[in-house]
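Chemist: Below are the structure tokens for one structure; questions will follow.
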Amino acid sequence: MSKIAINAVKDLKAAIISAVNKAVENGELTAAEIPDFVVEIPADKKNGDFATNAAMAGARAFRTAPRKIAEAIVNNIDLSATYMRSCEIAGPGFINFFLSPKYYSDILKEISSKGEDYGRSDYGKNEKVMVEFVSANPTGPMHMGNARGGALGDCLAAVLDKAGYDVWREFYVNDAGNQIEKFANSLNARFIQEVRGYDSVEFPEDGYQGGDIIDAVKLYINENGTALIDSDEDERKKALVDFALPRNIAKMQSDMKKYRIEYDKWFFESELHSSGAVKEVVDILKEKGLTYEKEGAVWYKNKEVVTELLKKQGKTDEEIEKLELKDDVIIRANGNPTYFTADIAYHKNKFDRGFKTLINVWGADHHGHVARLKGSMNAIGYDGENVHIVLMQLVKLMRNGELVRMSKRTGKAIQLGDLLDEVPVDSARFLFNTREANTQMDFDLGLAVTQDNQNPVYYVQYAHARICSILKNLASEGISARECSDEELQLLTAPEEIELIGHLAAYTEEIILSAKSYDPTKITRYVTQLATLFHKFYNACRVKVEDESLMQARLALCLAVRSVIRNVLEMFKITVPEAM
RNA sequence: GUUUCCGUAGCUCAGCAGGAUAGAGCGUUCGCCUCCUAAGCGAAAGGCCGGCGGUUCGAAUCCGCCCGGGAACGCCA
């Protein structure tokens, strides 16, 4: 809802409460506190533009039948300070309210005056929030899960920005630790195999099997020859990693750019090690007595910390016992810190940079990591409640209803790069935002490339293009939009017009709701619905009509719809075509 | 086994801080361009909202148990 829409509800609630108080004063109701009630938009327009359950909710408190309470409220309500023109009692005790025409004309005027800022609110109070997303492992190419995470994370960040947060996008590059060692070992083995033959050395059991490792080695040999074969093993590994890793990172950066994602920062894990931040975190945990040594490794008392956290959340001992919580290694027997240790340091670093809320978009396979990360923040003196994890379920790649496992072209698992080669970015960004993160989704490559009504992104873009076309058409006849009076705007009374304006009014509230639930997919549904309502309006009402005032009013409506569609598409970095 | 997500129309999914007759798209059938883009719109058909209990004036929505499917449970990240 726009400011006007939000205030309309607020004012209505206030009017209902004062009606209750008045009814109590003049004895129509017995004295009692009215319990919480809601004002909502009924599914069926016959039941008014807004409805309240106040009378039903108050039945017990007032010891009176809901309909009686409703009568008392209706008898005493003063609607003059609200946008409502009338109300009536319906059903078991609902009170339905009907909007005055002024509401609709004011909404259109608000959209027009706010322009591209319509929808923006100060809900977030400019609080610093970080959205960390994708953060793919740089040892190999990015996959479909990263594609989903990219679209969801970037659009979530955009929604938070619009809801008034100070948003920061970050990509965490795991360029250190165990997996870099595995990467080095894999490159090393492939290099030797490439030079001395496949059987000359065994490939490490836990190495990266992907063809990209072989490709990297071949590329190295092409550019630098095979002299490295005579080097010391550590030297060789270092040279190969120094060659391959920056290339992988550069590829990730160019893929993200192609995907229209601009990060505020690419944060390198290696910095946490070189700056001593990882060691510092270990020291803090040691000082707090939350570590112990066992089998040569340093362990962190995860069980103790998470148990405390869960108790605070009201879990019983029995429930916690059932979770079979385990402690975690933070320094391996070989002296290296684990991923988890670096992650604690990383999140500490985020808080230390002044971020109040940390949002991480993770694959659902990380769900076991959620509680221990939050716990670890509590353990070192921060609030784990301010870490929010958006978990994404798997993406199943489909082509015209058939499951796609491998790329036909490369014979390998489909990578994010392949996806971006095959599917328009507009389509990918939109479609990945049509399913909530925590549901599994099928991504249909066939659908993503179709340019017809089956593909929702075209459906929405088409609505925008249609409006542009109307304006152009009228302009060619010398007609342009001008400011309309309230009376003129109030000529918009067709059901299609009223419904369309009502939906426009809901935009700001929808953004806030989306931000609250960390769910940008609400907005793609919102804008799809907006396009639907526009297409219905288009079919029911002609803009170019004899009555100049009505034509201008409809033009104003078109401009408002165009503005909001553009608002959403630009926010999600989807192109906004003027013609299709 | 434990944790977690999911189960709504033939298919893909909305709805879930409890509300009035459960929605959309696709698919099926039938309609709508002498008039601003038919990449659009309308109509019909299609449902024990996985099952059983509980909470209450009222449950697809909240709680419990069961059934079915995915994912995770490493000195991987």
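Ligands are numbered from 1 in the order shown, chains are lettered A, B, ... in the order of the structure tokens, and residues start at 1 in each chain.
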Per DSSP on the backbone, what are the strand (DSSP E) residues of range 302-517 of chain A, as a list in words?

Modeler: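 Strand (DSSP E) assignments inside range 302-517 of chain A correspond to Asp328, Val329, Ile330, Ile331, Thr357, Leu358, Ile359, Asn360, Val361, Trp362, Gly363, Val387, His388, Ile389, Val390, Leu391, Met392, Val395, Lys396, Leu397, Met398, Arg399, Glu402, Leu403, Met441, Asp442, Phe443 and Asp444 of chain A.
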
Chemist: Can you tell me, as a PyMOL selection string, what residues are no more than 12 Å from Ile192 in chain A when counting only C-alpha atoms (C1' of nucleotides), ignoring any on the same chain fewer than 4 positions away?

Modeler: chain A and resi 185-188+196-203+214+217-218+221+226-231+233+236-237+240

Chemist: Write the residues of the preceding selection, restricted to N, CA and C atoms, as a CSV table (one decimal), in the first residue's frame.

Modeler:
```csv
chain,number,residue,atom,x,y,z
A,185,ASN,N,46.3,-29.9,-5.1
A,185,ASN,CA,46.7,-31.3,-5.3
A,185,ASN,C,46.1,-31.8,-6.6
A,186,SER,N,44.9,-31.4,-6.9
A,186,SER,CA,44.2,-31.8,-8.2
A,186,SER,C,45.0,-31.3,-9.4
A,187,LEU,N,45.3,-30.0,-9.3
A,187,LEU,CA,46.0,-29.4,-10.4
A,187,LEU,C,47.4,-30.1,-10.6
A,188,ASN,N,48.0,-30.3,-9.5
A,188,ASN,CA,49.3,-31.0,-9.6
A,188,ASN,C,49.3,-32.3,-10.2
A,196,ARG,N,53.5,-36.5,-18.2
A,196,ARG,CA,54.1,-37.8,-18.1
A,196,ARG,C,53.2,-38.9,-18.5
A,197,GLY,N,52.0,-38.6,-18.8
A,197,GLY,CA,51.0,-39.7,-19.1
A,197,GLY,C,50.1,-40.0,-18.0
A,198,TYR,N,48.9,-40.5,-18.4
A,198,TYR,CA,47.8,-40.6,-17.4
A,198,TYR,C,48.1,-41.5,-16.3
A,199,ASP,N,48.9,-42.6,-16.5
A,199,ASP,CA,49.2,-43.5,-15.5
A,199,ASP,C,50.4,-43.2,-14.6
A,200,SER,N,51.0,-42.0,-14.9
A,200,SER,CA,52.2,-41.7,-14.2
A,200,SER,C,52.0,-41.4,-12.7
A,201,VAL,N,50.8,-40.9,-12.4
A,201,VAL,CA,50.5,-40.6,-11.0
A,201,VAL,C,49.0,-40.8,-10.7
A,202,GLU,N,48.7,-41.2,-9.5
A,202,GLU,CA,47.4,-41.4,-9.1
A,202,GLU,C,46.7,-40.1,-8.8
A,203,PHE,N,45.4,-40.0,-9.2
A,203,PHE,CA,44.7,-38.8,-8.9
A,203,PHE,C,44.2,-38.9,-7.5
A,214,ILE,N,41.5,-30.1,-15.7
A,214,ILE,CA,42.4,-30.4,-16.8
A,214,ILE,C,42.5,-29.3,-17.8
A,217,VAL,N,45.0,-26.8,-16.5
A,217,VAL,CA,46.4,-27.3,-16.7
A,217,VAL,C,46.9,-27.2,-18.1
A,218,LYS,N,46.0,-27.6,-19.0
A,218,LYS,CA,46.3,-27.5,-20.5
A,218,LYS,C,46.6,-26.0,-20.8
A,221,ILE,N,50.0,-25.1,-19.6
A,221,ILE,CA,51.1,-25.7,-20.4
A,221,ILE,C,51.2,-24.9,-21.8
A,226,THR,N,56.2,-26.9,-20.0
A,226,THR,CA,56.1,-27.9,-19.0
A,226,THR,C,57.3,-27.9,-18.0
A,227,ALA,N,58.0,-26.8,-18.0
A,227,ALA,CA,59.2,-26.8,-17.2
A,227,ALA,C,58.9,-27.1,-15.7
A,228,LEU,N,57.7,-26.7,-15.3
A,228,LEU,CA,57.3,-26.9,-13.9
A,228,LEU,C,57.5,-28.3,-13.4
A,229,ILE,N,57.5,-29.3,-14.3
A,229,ILE,CA,57.6,-30.7,-13.9
A,229,ILE,C,58.8,-31.0,-13.1
A,230,ASP,N,59.8,-30.2,-13.3
A,230,ASP,CA,61.1,-30.4,-12.6
A,230,ASP,C,61.2,-29.6,-11.3
A,231,SER,N,60.2,-28.8,-11.0
A,231,SER,CA,60.2,-28.0,-9.8
A,231,SER,C,59.9,-28.9,-8.6
A,233,GLU,N,57.7,-29.9,-5.5
A,233,GLU,CA,56.2,-30.1,-5.6
A,233,GLU,C,55.5,-28.9,-5.0
A,236,ARG,N,55.5,-26.2,-7.4
A,236,ARG,CA,54.7,-26.4,-8.6
A,236,ARG,C,53.2,-26.2,-8.3
A,237,LYS,N,52.8,-26.7,-7.1
A,237,LYS,CA,51.4,-26.4,-6.7
A,237,LYS,C,51.1,-25.0,-6.6
A,240,LEU,N,50.8,-23.4,-10.0
A,240,LEU,CA,49.5,-23.8,-10.7
A,240,LEU,C,48.3,-23.1,-10.1
```

Chemist: Residues of chain B within 12 Å of chain A, using only C-alpha atoms (C1' of nucleotides), as a PyMOL selection string?

Modeler: chain B and resi 1-7+11-15+17-27+32-33+35-42+56-58+69-77

Chemist: Considering only C-alpha atoms, can you say which of A:Val195, A:Ala531, A:Ala51, A:Leu160 comes closest to His503 in chain A?

Modeler: A:Ala531

Chemist: Kindly give the distance, in Å, that separates CA of Val281 in chain A and CA of Lys350 in chain A, rounded to a single decimal.

Modeler: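 Distance reported for this atom pair: 13.4 Å.
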
Chemist: Please list as an mmCIF file with N, CA and C atoms, in the first residue's frame every residue within 10 Å of Ala494 in chain A, counting only C-alpha atoms (C1' of nucleotides) and excluding residues in the same chain fewer than 3 positions away.

Modeler:
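Contents of out.cif, as written:
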```
data_model
loop_
_atom_site.group_PDB
_atom_site.id
_atom_site.type_symbol
_atom_site.label_atom_id
_atom_site.label_comp_id
_atom_site.auth_asym_id
_atom_site.auth_seq_id
_atom_site.Cartn_x
_atom_site.Cartn_y
_atom_site.Cartn_z
ATOM 1 N N LEU A 491 -13.593 9.863 -12.506
ATOM 2 C CA LEU A 491 -14.399 9.264 -13.574
ATOM 3 C C LEU A 491 -14.035 7.797 -13.764
ATOM 4 N N GLU A 497 -10.971 -0.636 -13.591
ATOM 5 C CA GLU A 497 -10.165 0.529 -13.219
ATOM 6 C C GLU A 497 -9.945 0.570 -11.714
ATOM 7 N N ILE A 498 -11.020 0.320 -11.002
ATOM 8 C CA ILE A 498 -10.936 0.362 -9.542
ATOM 9 C C ILE A 498 -9.984 -0.700 -9.016
ATOM 10 N N GLU A 499 -10.082 -1.884 -9.585
ATOM 11 C CA GLU A 499 -9.219 -2.968 -9.117
ATOM 12 C C GLU A 499 -7.755 -2.671 -9.418
ATOM 13 N N LEU A 500 -7.524 -2.106 -10.575
ATOM 14 C CA LEU A 500 -6.162 -1.763 -10.983
ATOM 15 C C LEU A 500 -5.557 -0.726 -10.029
ATOM 16 N N PHE A 537 -7.944 -4.373 -17.917
ATOM 17 C CA PHE A 537 -8.402 -2.994 -18.108
ATOM 18 C C PHE A 537 -8.344 -2.616 -19.587
ATOM 19 N N ALA A 540 -11.131 -4.017 -21.441
ATOM 20 C CA ALA A 540 -12.467 -3.559 -21.049
ATOM 21 C C ALA A 540 -12.686 -2.078 -21.336
ATOM 22 N N CYS A 541 -11.621 -1.298 -21.262
ATOM 23 C CA CYS A 541 -11.778 0.152 -21.378
ATOM 24 C C CYS A 541 -10.828 0.712 -22.432
#
```

Chemist: Could you tell me how far CA of Gly119 in chain A lies from CA of Tyr83 in chain A, in Å and to one decimal?

Modeler: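 We find that CA of Gly119 in chain A and CA of Tyr83 in chain A lie 20.1 Å from each other.
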
Chemist: Near Leu555 in chain A, within 9 Å and counting only C-alpha atoms (C1' of nucleotides), which residues show up once chain neighbours fewer than 2 positions away are dropped, as a PyMOL selection string?

Modeler: chain A and resi 470-471+480-482+543-544+550-553+557-560

Chemist: Can you list, as an MDAnalysis selection string, all residues belonging to range 203-439 of chain A that DSSP tags as alpha helix (DSSP H)?

Modeler: chainID A and resid 211:224 233:258 269:274 277:287 302:312 317:322 339:352 370:379 416:422 425:431

Chemist: Considering only C-alpha atoms (C1' of nucleotides), return as a PyMOL selection string whatever protein or nucleic-acid residues lie within 7 Å of range 250-265 of chain A, sequence-local ones (same chain, fewer than 3 positions apart) excluded.

Modeler: chain A and resi 154+168-171+246-247+417+425+573

Chemist: Considering only C-alpha atoms (C1' of nucleotides), return as a PyMOL selection string whatever protein or nucleic-acid residues lie within 12 Å of Ala448 in chain A, sequence-local ones (same chain, fewer than 5 positions apart) excluded.

Modeler: chain A and resi 397-400+419-420+422-432+442-443+453-458

Chemist: Restricting the output to C-alpha atoms, write the selected residues as a compact mmCIF listing (two decimals), in the first residue's frame.

Modeler:
```
# COMPACT_ATOMS: atom_id res chain seq x y z
CA LEU A 397 16.92 -28.12 -14.58
CA MET A 398 14.31 -29.08 -17.13
CA ARG A 399 13.94 -28.75 -20.85
CA ASN A 400 10.35 -28.93 -22.08
CA LEU A 419 22.78 -20.94 -18.58
CA LEU A 420 23.61 -17.33 -19.34
CA GLU A 422 21.36 -20.05 -23.47
CA VAL A 423 18.81 -18.01 -21.55
CA PRO A 424 18.20 -14.25 -21.62
CA VAL A 425 19.25 -12.62 -18.35
CA ASP A 426 15.82 -10.99 -18.03
CA SER A 427 14.27 -14.43 -18.07
CA ALA A 428 16.68 -16.00 -15.62
CA ARG A 429 16.43 -13.17 -13.10
CA PHE A 430 12.66 -13.14 -13.26
CA LEU A 431 12.04 -16.89 -13.28
CA PHE A 432 14.35 -17.58 -10.36
CA ASP A 442 12.09 -26.65 -11.68
CA PHE A 443 13.81 -24.28 -14.04
CA ASN A 453 2.69 -15.65 -22.86
CA GLN A 454 4.03 -18.75 -21.13
CA ASN A 455 7.02 -16.79 -20.01
CA PRO A 456 5.91 -14.39 -17.27
CA VAL A 457 8.71 -11.92 -17.87
CA TYR A 458 7.42 -11.21 -21.37
```

Chemist: For a test of reading the model, state the distance in Å between CA of Gly27 in chain A and CA of Ala54 in chain A, rounded to one decimal.

Modeler: 18.1 Å

Chemist: Considering only C-alpha atoms (C1' of nucleotides), return as a list in words whatever protein or nucleic-acid residues lie within 8 Å of range 98-103 of chain A, sequence-local ones (same chain, fewer than 4 positions apart) excluded.

Modeler: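 Within the cut-off, the hits are Ile4, Gly48, Asp49, Phe50, Tyr83, Met84, Arg85, Ser86, Cys87, Ile107, Asp486 and Gln490 of chain A.
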